[in-house]
$ cat input.txt   # compact mmCIF, C-alpha atoms
# COMPACT_ATOMS: atom_id res chain seq x y z
CA MET U 1 134.41 88.83 103.89
CA ARG U 2 135.84 87.04 100.85
CA GLU U 3 132.36 85.95 99.77
CA ILE U 4 131.12 89.52 99.99
CA GLN U 5 134.04 90.96 98.07
CA ILE U 6 133.54 88.62 95.10
CA ALA U 7 129.82 89.49 94.86
CA LYS U 8 128.81 91.75 92.00
CA VAL U 9 125.84 93.20 93.88
CA ILE U 10 125.54 93.76 97.65
CA VAL U 11 122.42 94.98 99.42
CA PHE U 12 123.06 96.31 102.92
CA HIS U 13 120.14 96.56 105.33
CA SER U 14 121.79 99.33 107.31
CA PRO U 15 123.42 102.59 106.16
CA VAL U 16 126.04 102.10 108.87
CA LEU U 17 127.10 98.70 107.49
CA ALA U 18 127.18 100.12 103.97
CA ALA U 19 129.41 102.98 105.12
CA ASN U 20 131.84 100.61 106.83
CA TYR U 21 132.11 98.41 103.73
CA LEU U 22 132.52 101.34 101.35
CA GLY U 23 135.21 102.83 103.55
CA HIS U 24 137.29 99.70 104.14
CA HIS U 25 136.43 96.75 101.88
CA TYR U 26 134.82 97.94 98.65
CA ILE U 27 136.06 96.36 95.41
CA GLU U 28 135.92 98.47 92.26
CA GLY U 29 133.03 97.46 90.04
CA GLN U 30 130.69 96.22 92.76
CA HIS U 31 127.14 97.59 92.90
CA ILE U 32 126.23 98.67 96.43
CA PHE U 33 122.63 99.22 97.48
CA VAL U 34 121.01 100.09 100.81
CA MET U 35 117.62 98.71 101.81
CA THR U 36 116.34 100.81 104.67
CA HIS U 37 113.68 99.58 107.10
CA SER U 38 112.72 102.74 108.95
CA PRO U 39 109.71 104.95 108.17
CA THR U 40 111.98 108.01 108.44
CA ASP U 41 115.62 108.79 107.79
CA MET U 42 117.88 107.19 110.37
CA ALA U 43 118.84 110.60 111.79
CA SER U 44 115.22 111.50 112.56
CA GLU U 45 114.51 108.12 114.13
CA LYS U 46 117.45 108.37 116.50
CA ALA U 47 116.70 112.01 117.31
CA GLU U 48 113.06 111.11 118.05
CA ASN U 49 114.19 108.51 120.58
CA LEU U 50 116.28 111.19 122.32
CA ARG U 51 113.41 113.66 122.21
CA LEU U 52 111.10 111.18 123.91
CA ARG U 53 113.62 110.77 126.73
CA PHE U 54 114.89 114.32 127.17
CA GLY U 55 112.40 116.59 125.40
CA GLU U 56 112.90 118.93 122.47
CA ASN U 57 116.11 120.97 122.75
CA GLY U 58 118.95 122.43 120.73
CA PHE U 59 121.18 119.41 121.23
CA VAL U 60 118.57 117.04 119.73
CA ARG U 61 118.04 119.31 116.72
CA GLY U 62 121.76 119.68 116.12
CA TYR U 63 122.32 115.95 116.55
CA ARG U 64 119.70 115.19 113.90
CA ARG U 65 121.20 117.67 111.44
CA ARG U 66 124.76 116.37 111.79
CA LEU U 67 123.70 112.75 111.59
CA ALA U 68 121.49 113.47 108.56
CA GLU U 69 124.41 114.96 106.64
CA ILE U 70 126.47 111.83 107.32
CA GLU U 71 123.55 109.60 106.34
CA MET U 72 123.03 111.46 103.06
CA ARG U 73 126.71 111.06 102.15
CA ILE U 74 126.32 107.30 102.58
CA TYR U 75 123.32 107.16 100.25
CA THR U 76 125.04 109.23 97.57
CA GLN U 77 128.06 106.86 97.63
CA CYS U 78 125.80 103.87 96.88
CA HIS U 79 124.35 102.86 93.53
CA GLY U 80 120.79 103.13 94.79
CA ILE U 81 118.21 102.46 97.45
CA VAL U 82 115.98 99.38 97.57
CA ALA U 83 112.48 99.92 98.97
CA PRO U 84 109.22 97.95 99.01
CA SER U 85 107.30 100.96 97.65
CA ILE U 86 108.26 104.37 96.35
CA THR U 87 105.93 105.95 98.92
CA SER U 88 107.81 104.12 101.70
CA LEU U 89 110.44 106.86 101.51
CA GLU U 90 108.17 109.90 101.52
CA ALA U 91 109.09 110.96 105.07
CA TYR U 92 112.86 110.80 104.51
CA PHE U 93 114.41 114.23 105.16
CA GLU U 94 111.00 115.89 104.68
CA TRP U 95 111.97 118.27 107.49
CA ASP U 96 114.78 119.83 105.41
CA THR U 97 114.15 121.11 101.87
CA GLU U 98 117.77 120.89 100.73
CA LEU U 99 118.34 117.36 102.00
CA ARG U 100 114.99 116.19 100.65
CA ARG U 101 115.76 117.58 97.19
CA GLU U 102 119.11 115.76 97.20
CA PHE U 103 117.49 112.55 98.40
CA GLU U 104 114.87 112.60 95.63
CA LYS U 105 117.64 112.53 93.03
CA LEU U 106 118.85 109.11 94.22
CA PRO U 107 117.90 106.03 92.19
CA VAL U 108 115.31 103.81 93.89
CA VAL U 109 114.55 100.18 93.01
CA VAL U 110 111.16 98.91 94.20
CA VAL U 111 111.13 95.33 95.51
CA PRO U 112 107.75 94.55 97.16
CA SER U 113 107.87 92.73 100.49
CA GLY U 114 106.40 89.38 101.41
CA VAL U 115 105.74 87.46 104.63
CA PRO U 116 104.84 83.92 105.71
CA SER U 117 101.11 83.43 106.12
CA PHE U 118 99.95 83.84 109.70
CA ALA U 119 97.13 81.46 108.82
CA ASP U 120 99.77 78.69 108.81
CA VAL U 121 100.99 79.40 112.35
CA THR U 122 97.81 80.01 114.33
CA THR U 123 97.46 77.36 117.01
CA GLN U 124 94.07 78.04 118.60
CA ASP U 125 90.50 78.38 117.44
CA ARG U 126 89.53 82.05 117.03
CA ASP U 127 86.44 81.79 119.23
CA GLU U 128 88.42 80.06 121.96
CA VAL U 129 91.02 82.84 121.98
CA ARG U 130 88.27 85.45 122.29
CA ARG U 131 86.74 83.48 125.16
CA GLN U 132 90.10 83.34 126.94
CA LEU U 133 90.52 87.08 126.51
CA GLY U 134 87.04 87.76 127.82
CA ILE U 135 85.81 89.29 124.55
CA SER U 136 82.10 88.91 123.91
CA PRO U 137 81.33 87.23 120.56
CA ASP U 138 78.92 90.03 119.61
CA LYS U 139 81.57 92.77 119.84
CA LEU U 140 83.29 94.23 116.78
CA THR U 141 86.86 93.85 118.02
CA ILE U 142 89.58 96.22 116.84
CA GLY U 143 93.26 95.52 117.38
CA PHE U 144 96.50 97.53 117.46
CA PHE U 145 99.66 95.43 117.23
CA GLY U 146 103.20 96.79 117.23
CA ARG U 147 105.45 99.30 118.94
CA TYR U 148 103.83 101.70 121.38
CA HIS U 149 105.48 104.66 119.71
CA PRO U 150 104.26 107.96 118.17
CA HIS U 151 105.54 106.86 114.74
CA LYS U 152 103.21 103.86 114.95
CA GLY U 153 100.36 106.07 116.13
CA PHE U 154 99.77 104.33 119.44
CA ASP U 155 98.82 107.68 120.97
CA THR U 156 96.23 108.09 118.22
CA PHE U 157 94.95 104.58 118.87
CA LEU U 158 94.40 105.37 122.55
CA GLU U 159 92.50 108.50 121.58
CA ILE U 160 90.32 106.42 119.23
CA VAL U 161 89.54 104.07 122.14
CA LYS U 162 88.70 107.05 124.34
CA GLN U 163 86.38 108.55 121.72
CA CYS U 164 84.60 105.19 121.36
CA VAL U 165 84.23 104.45 125.07
CA ASN U 166 80.43 104.78 124.88
CA GLU U 167 80.06 102.69 121.72
CA GLU U 168 78.86 99.44 123.24
CA GLY U 169 79.32 97.43 120.05
CA LEU U 170 83.08 98.10 119.85
CA TYR U 171 85.92 96.50 121.81
CA PHE U 172 89.64 97.27 121.51
CA VAL U 173 92.79 95.28 122.21
CA SER U 174 96.47 96.08 121.84
CA ALA U 175 99.65 94.03 121.99
CA GLY U 176 103.18 95.38 121.98
CA ASP U 177 105.60 97.49 123.97
CA GLY U 178 107.36 100.84 123.74
CA PRO U 179 107.88 104.26 125.29
CA LEU U 180 104.15 105.10 125.31
CA LYS U 181 102.07 103.33 127.93
CA PRO U 182 98.56 101.87 127.56
CA THR U 183 95.71 103.45 129.52
CA ALA U 184 94.17 101.42 132.32
CA GLY U 185 90.57 101.40 133.44
CA TRP U 186 88.61 101.61 130.20
CA HIS U 187 85.88 98.96 130.07
CA ASN U 188 86.12 98.66 126.28
CA TYR U 189 89.88 98.05 126.09
CA LYS U 190 92.33 95.32 127.02
CA ASP U 191 96.12 95.51 126.70
CA LEU U 192 97.79 92.15 126.09
CA GLY U 193 101.37 93.32 126.54
CA TRP U 194 104.23 91.91 124.50
CA LEU U 195 103.37 88.75 122.56
CA SER U 196 105.67 86.45 120.61
CA THR U 197 104.35 83.06 119.49
CA ALA U 198 100.83 84.01 120.59
CA LEU U 199 100.72 87.03 118.25
CA PRO U 200 99.12 85.27 115.22
CA ASP U 201 96.32 83.91 117.41
CA ALA U 202 95.70 87.37 118.90
CA ILE U 203 95.51 89.00 115.47
CA ASN U 204 93.22 86.24 114.24
CA ALA U 205 90.90 86.87 117.19
CA VAL U 206 90.07 90.45 116.19
CA ASP U 207 87.84 91.64 113.34
CA VAL U 208 89.64 94.81 112.29
CA ILE U 209 93.24 96.00 112.43
CA VAL U 210 93.93 99.68 113.08
CA ALA U 211 97.29 101.10 111.97
CA PRO U 212 97.18 104.87 112.66
CA ASN U 213 100.84 105.51 111.79
CA LYS U 214 102.19 109.05 111.70
CA VAL U 215 104.78 107.76 109.23
CA SER U 216 105.02 104.35 107.62
CA TYR U 217 107.70 102.47 105.72
CA PHE U 218 105.93 99.26 104.68
CA ASP U 219 104.27 97.76 107.71
CA LEU U 220 104.59 93.98 107.55
CA LEU U 221 101.79 93.73 110.09
CA LEU U 222 99.38 94.75 107.34
CA LEU U 223 100.55 91.84 105.18
CA GLU U 224 100.28 89.43 108.12
CA ALA U 225 96.77 90.70 108.85
CA MET U 226 95.85 90.35 105.18
CA SER U 227 97.00 86.71 105.25
CA LEU U 228 94.38 86.16 107.98
CA GLY U 229 91.67 87.93 106.01
CA LYS U 230 91.40 90.97 108.28
CA VAL U 231 89.94 94.35 107.37
CA ILE U 232 92.45 97.16 107.94
CA ILE U 233 92.02 100.85 108.71
CA ALA U 234 95.31 102.70 108.29
CA SER U 235 96.74 106.18 107.95
CA ASN U 236 97.17 107.48 104.42
CA VAL U 237 100.95 107.77 104.75
CA GLY U 238 104.10 106.13 103.40
CA GLY U 239 103.93 102.53 102.28
CA ASN U 240 100.26 102.32 103.30
CA LYS U 241 99.47 104.25 100.12
CA THR U 242 100.43 101.16 98.14
CA PHE U 243 97.09 99.56 98.99
CA THR U 244 93.96 100.72 97.17
CA THR U 245 91.55 97.86 97.91
CA PRO U 246 88.18 98.34 99.71
CA GLY U 247 89.34 96.18 102.64
CA ILE U 248 92.18 98.56 103.46
CA ARG U 249 90.62 101.91 104.33
CA LEU U 250 93.03 104.83 104.40
CA VAL U 251 92.26 107.97 106.40
CA ASP U 252 94.24 111.05 107.39
CA ALA U 253 96.82 110.42 110.09
CA ASN U 254 95.83 111.88 113.48
CA ASP U 255 92.17 112.24 112.40
CA VAL U 256 90.61 110.35 115.28
CA GLN U 257 87.10 111.23 114.15
CA ALA U 258 87.75 109.72 110.71
CA PHE U 259 88.94 106.45 112.24
CA ARG U 260 85.89 106.41 114.49
CA ASP U 261 83.51 107.08 111.60
CA VAL U 262 84.95 104.24 109.53
CA LEU U 263 84.68 101.83 112.46
CA LEU U 264 81.07 102.77 113.16
CA GLY U 265 80.22 102.39 109.46
CA LEU U 266 81.53 98.85 109.14
CA LYS U 267 78.92 96.17 108.55
CA SER U 268 79.39 92.44 109.09
CA GLU U 269 78.94 91.68 105.39
CA TYR U 270 81.65 94.21 104.51
CA ILE U 271 84.06 92.68 106.98
CA GLU U 272 83.60 89.19 105.56
CA GLN U 273 83.81 90.27 101.91
CA TRP U 274 86.67 92.74 102.31
CA GLY U 275 88.61 90.35 104.52
CA SER U 276 88.36 87.69 101.82
CA GLU U 277 89.59 90.18 99.21
CA ASN U 278 92.53 91.12 101.43
CA ARG U 279 93.48 87.47 101.79
CA GLU U 280 93.34 87.05 98.01
CA LEU U 281 95.54 90.13 97.51
CA TYR U 282 98.08 88.70 99.94
CA GLU U 283 98.15 85.35 98.13
CA ASN U 284 98.59 87.05 94.75
CA LYS U 285 101.30 89.56 95.68
CA TYR U 286 102.80 89.27 99.16
CA THR U 287 103.65 85.66 99.95
CA ILE U 288 107.21 84.54 100.57
CA ASP U 289 107.29 82.94 97.11
CA LYS U 290 106.34 86.28 95.56
CA PHE U 291 109.00 87.97 97.68
CA ILE U 292 111.64 85.62 96.27
CA GLU U 293 110.42 86.23 92.73
CA ASN U 294 110.70 89.98 93.28
CA HIS U 295 114.29 89.64 94.47
CA VAL U 296 115.20 87.49 91.50
CA SER U 297 113.77 90.16 89.20
CA PHE U 298 115.84 92.80 91.04
CA ALA U 299 119.02 90.72 90.60
CA GLU U 300 118.31 90.26 86.90
CA LEU U 301 117.71 93.99 86.51
CA VAL U 302 121.06 94.89 88.04
CA LEU U 303 123.17 92.07 86.56
CA ILE U 304 121.62 91.78 83.11
CA GLY U 305 119.93 95.12 82.63

$ encode --input "input.txt" --output "structure tokens"
Amino acid sequence: MREIQIAKVIVFHSPVLAANYLGHHYIEGQHIFVMTHSPTDMASEKAENLRLRFGENGFVRGYRRRLAEIEMRIYTQCHGIVAPSITSLEAYFEWDTELRREFEKLPVVVVPSGVPSFADVTTQDRDEVRRQLGISPDKLTIGFFGRYHPHKGFDTFLEIVKQCVNEEGLYFVSAGDGPLKPTAGWHNYKDLGWLSTALPDAINAVDVIVAPNKVSYFDLLLLEAMSLGKVIIASNVGGNKTFTTPGIRLVDANDVQAFRDVLLGLKSEYIEQWGSENRELYENKYTIDKFIENHVSFAELVLIG
């Protein structure tokens, strides 16, 4: 605690931790920031988890409102919010006009994210992984990787698979876990379950990544996929809006037909070219070294001005 209390700037990665420090340990003159990691305000995320278990009801709505008021008080006590993109926060309190207006007044510092290259941790040849998974080499393979949750759009992904069941050139895989369950019995789809160390190899084995998020903070999966040179089709929401390159195609969230049309329009030469451009974008802006540089710039901004 002593090391924290002598720091001039503290960035908490949880509103709850920030509230505890401000209430019991804060030293006058310190600059306190919160870096959130959720695509929505914390109150909505927790309320959504309850809704998935117990359904929509008055208790869930009241719980979200009370928790949101507490959460907003925490943000207003801090010196600002740190986010990887200004659009990462677009879904925060969007369900309440008054809270949203108050939230938009808060200072936001943008510090772009970065991740280690998945190309450095793949352990198997791409063709061998596809052979092990039983994926024909002539199939355009599309992958969903992440939580099986409505926020991540896993329900939309399953609908995309269903709509493409008669497209013989397409094959779908998913890897993850969550409250939504994968559908069994489709000949064009394989669920890999939860993967840990095998995840980079699985992502490397597909041609296209689909990220049909309903809301999005700043999905690190997209950066990891970019490091492997993958083409990405994502919802035009939240942090996804940061990317404007041809290899990251943005379509309306929930528009299954739009996702299907983009997939059917992909040509092999596009995939190779756009994948290469995505890899180059990653190397120029989203490596770990760039992430460190961005944090140094943030520290200089706060400490030096």

$ atom_distance --input "input.txt" --atom1 "CA of Phe172 in chain U" --atom2 "CA of Asn278 in chain U"
21.2 Å

$ closest_atom_pairs --input "input.txt" --of "range 81-140 of chain U" --to "range 260-269 of chain U" --cutoff "12 Å" --atoms "only C-alpha atoms" --output "Markdown table"
| residue | atom | partner | partner_atom | distance |
| --- | --- | --- | --- | --- |
| U:Asp138 | CA | U:Ser268 | CA | 10.8 |
| U:Lys139 | CA | U:Ser268 | CA | 11.0 |
| U:Leu140 | CA | U:Ser268 | CA | 8.8 |

$ closest_residue --input "input.txt" --among "U:Glu300, U:Glu28, U:Glu94, U:Asp255" --to "Gln5 in chain U" --atoms "only C-alpha atoms"
U:Glu28

$ residues_around --input "input.txt" --residues "Ile10 in chain U" --least-positions-apart "6" --cutoff "8 Å" --atoms "all atoms listed in the file" --output "list in words"
Ile4, Gln30, His31, Ile32 and Phe33 of chain U

$ write_last_selection --input "input.txt" --atoms "C-alpha atoms" --output "CSV table (one decimal), in the frame of the given file"
chain,number,residue,atom,x,y,z
U,4,ILE,CA,131.1,89.5,100.0
U,30,GLN,CA,130.7,96.2,92.8
U,31,HIS,CA,127.1,97.6,92.9
U,32,ILE,CA,126.2,98.7,96.4
U,33,PHE,CA,122.6,99.2,97.5

$ closest_residue --input "input.txt" --among "U:Tyr21, U:Phe218, U:Phe298, U:Tyr63" --to "Val237 in chain U" --atoms "only C-alpha atoms"
U:Phe218

$ closest_atom_pairs --input "input.txt" --of "range 4-83 of chain U" --to "range 104-121 of chain U" --cutoff "8 Å" --atoms "only C-alpha atoms" --output "JSON lines"
{"residue": "U:Tyr75", "atom": "CA", "partner": "U:Leu106", "partner_atom": "CA", "distance": 7.8}
{"residue": "U:Thr76", "atom": "CA", "partner": "U:Leu106", "partner_atom": "CA", "distance": 7.0}
{"residue": "U:His79", "atom": "CA", "partner": "U:Pro107", "partner_atom": "CA", "distance": 7.3}
{"residue": "U:Gly80", "atom": "CA", "partner": "U:Pro107", "partner_atom": "CA", "distance": 4.8}
{"residue": "U:Ile81", "atom": "CA", "partner": "U:Val108", "partner_atom": "CA", "distance": 4.8}
{"residue": "U:Val82", "atom": "CA", "partner": "U:Val109", "partner_atom": "CA", "distance": 4.8}
{"residue": "U:Ala83", "atom": "CA", "partner": "U:Val110", "partner_atom": "CA", "distance": 5.1}

$ write_last_selection --input "input.txt" --atoms "C-alpha atoms" --output "PDB file, keeping the file's coordinate frame"
ATOM      1  CA  TYR U  75     123.320 107.160 100.250  1.00  0.00           C
ATOM      2  CA  THR U  76     125.040 109.230  97.570  1.00  0.00           C
ATOM      3  CA  HIS U  79     124.350 102.860  93.530  1.00  0.00           C
ATOM      4  CA  GLY U  80     120.790 103.130  94.790  1.00  0.00           C
ATOM      5  CA  ILE U  81     118.210 102.460  97.450  1.00  0.00           C
ATOM      6  CA  VAL U  82     115.980  99.380  97.570  1.00  0.00           C
ATOM      7  CA  ALA U  83     112.480  99.920  98.970  1.00  0.00           C
TER       8      ALA U  83
END

$ residues_near_point --input "input.txt" --point "(101.5, 89.5, 104.8)" --cutoff "7 Å" --atoms "all atoms listed in the file" --output "list in words"
Gly114, Val115, Pro116, Ser117, Leu220, Leu221, Leu222, Leu223, Glu224, Ala225, Met226, Ser227, Tyr282, Tyr286 and Thr287 of chain U

$ atom_distance --input "input.txt" --atom1 "CA of Glu283 in chain U" --atom2 "CA of Arg249 in chain U"
19.2 Å

$ atom_distance --input "input.txt" --atom1 "CA of Thr122 in chain U" --atom2 "CA of Asp201 in chain U"
5.2 Å

$ closest_residue --input "input.txt" --among "U:Ser136, U:Ser196, U:Asn240, U:Thr141" --to "Leu89 in chain U" --atoms "all atoms listed in the file"
U:Asn240

$ residues_around --input "input.txt" --residues "range 127-133 of chain U" --least-positions-apart "4" --cutoff "8 Å" --atoms "only C-alpha atoms" --output "list in words"
Pro137, Asp201, Ala202 and Ala205 of chain U

$ decode --input "input.txt" --residues "range 177-188 of chain U" --atoms "all heavy atoms" --output "compact mmCIF listing (two decimals), in the first residue's frame"
# COMPACT_ATOMS: atom_id res chain seq x y z
N ASP U 177 -16.58 -20.75 -24.39
CA ASP U 177 -17.52 -21.27 -23.42
C ASP U 177 -18.39 -20.12 -22.94
O ASP U 177 -18.02 -18.94 -23.10
CB ASP U 177 -16.78 -21.91 -22.24
CG ASP U 177 -17.69 -22.77 -21.38
OD1 ASP U 177 -18.82 -23.05 -21.82
OD2 ASP U 177 -17.27 -23.15 -20.27
N GLY U 178 -19.54 -20.42 -22.37
CA GLY U 178 -20.40 -19.37 -21.87
C GLY U 178 -21.82 -19.85 -21.69
O GLY U 178 -22.13 -21.04 -21.86
N PRO U 179 -22.74 -18.92 -21.37
CA PRO U 179 -24.12 -19.32 -21.09
C PRO U 179 -24.88 -19.82 -22.32
O PRO U 179 -25.83 -20.59 -22.18
CB PRO U 179 -24.76 -18.03 -20.54
CG PRO U 179 -23.90 -16.93 -21.07
CD PRO U 179 -22.51 -17.48 -21.13
N LEU U 180 -24.51 -19.37 -23.52
CA LEU U 180 -25.14 -19.88 -24.74
C LEU U 180 -24.45 -21.16 -25.17
O LEU U 180 -23.24 -21.29 -25.01
CB LEU U 180 -25.08 -18.84 -25.86
CG LEU U 180 -25.75 -17.49 -25.58
CD1 LEU U 180 -25.59 -16.57 -26.77
CD2 LEU U 180 -27.22 -17.68 -25.23
N LYS U 181 -25.19 -22.08 -25.72
CA LYS U 181 -24.64 -23.38 -26.07
C LYS U 181 -24.58 -23.56 -27.59
O LYS U 181 -25.49 -23.14 -28.31
CB LYS U 181 -25.48 -24.51 -25.46
CG LYS U 181 -25.57 -24.42 -23.94
CD LYS U 181 -24.18 -24.39 -23.29
CE LYS U 181 -24.28 -24.23 -21.78
NZ LYS U 181 -22.92 -24.09 -21.16
N PRO U 182 -23.50 -24.18 -28.09
CA PRO U 182 -23.39 -24.43 -29.53
C PRO U 182 -24.45 -25.42 -29.99
O PRO U 182 -24.94 -26.23 -29.22
CB PRO U 182 -21.98 -24.98 -29.68
CG PRO U 182 -21.63 -25.55 -28.34
CD PRO U 182 -22.33 -24.69 -27.34
N THR U 183 -24.79 -25.33 -31.27
CA THR U 183 -25.78 -26.22 -31.87
C THR U 183 -25.09 -27.46 -32.42
O THR U 183 -24.05 -27.37 -33.06
CB THR U 183 -26.53 -25.51 -33.00
OG1 THR U 183 -27.15 -24.33 -32.47
CG2 THR U 183 -27.59 -26.41 -33.61
N ALA U 184 -25.65 -28.61 -32.15
CA ALA U 184 -25.08 -29.86 -32.63
C ALA U 184 -25.80 -30.31 -33.90
O ALA U 184 -26.96 -29.98 -34.13
CB ALA U 184 -25.19 -30.95 -31.56
N GLY U 185 -25.08 -31.06 -34.73
CA GLY U 185 -25.72 -31.71 -35.86
C GLY U 185 -25.56 -31.04 -37.20
O GLY U 185 -25.95 -31.62 -38.23
N TRP U 186 -25.02 -29.84 -37.26
CA TRP U 186 -24.81 -29.19 -38.55
C TRP U 186 -23.54 -29.73 -39.20
O TRP U 186 -22.47 -29.76 -38.58
CB TRP U 186 -24.70 -27.68 -38.39
CG TRP U 186 -26.00 -27.01 -38.05
CD1 TRP U 186 -27.25 -27.47 -38.31
CD2 TRP U 186 -26.17 -25.75 -37.37
NE1 TRP U 186 -28.20 -26.59 -37.86
CE2 TRP U 186 -27.57 -25.51 -37.28
CE3 TRP U 186 -25.30 -24.81 -36.84
CZ2 TRP U 186 -28.10 -24.38 -36.69
CZ3 TRP U 186 -25.82 -23.67 -36.26
CH2 TRP U 186 -27.20 -23.45 -36.18
N HIS U 187 -23.64 -30.11 -40.46
CA HIS U 187 -22.50 -30.73 -41.14
C HIS U 187 -21.40 -29.72 -41.48
O HIS U 187 -20.26 -30.11 -41.75
CB HIS U 187 -22.97 -31.40 -42.44
CG HIS U 187 -23.40 -30.41 -43.49
ND1 HIS U 187 -22.52 -29.88 -44.41
CD2 HIS U 187 -24.62 -29.87 -43.75
CE1 HIS U 187 -23.18 -29.04 -45.20
NE2 HIS U 187 -24.45 -29.02 -44.82
N ASN U 188 -21.73 -28.43 -41.44
CA ASN U 188 -20.76 -27.40 -41.81
C ASN U 188 -20.16 -26.68 -40.61
O ASN U 188 -19.61 -25.59 -40.74
CB ASN U 188 -21.43 -26.36 -42.73
CG ASN U 188 -22.56 -25.61 -42.02
OD1 ASN U 188 -23.19 -26.14 -41.11
ND2 ASN U 188 -22.82 -24.39 -42.46
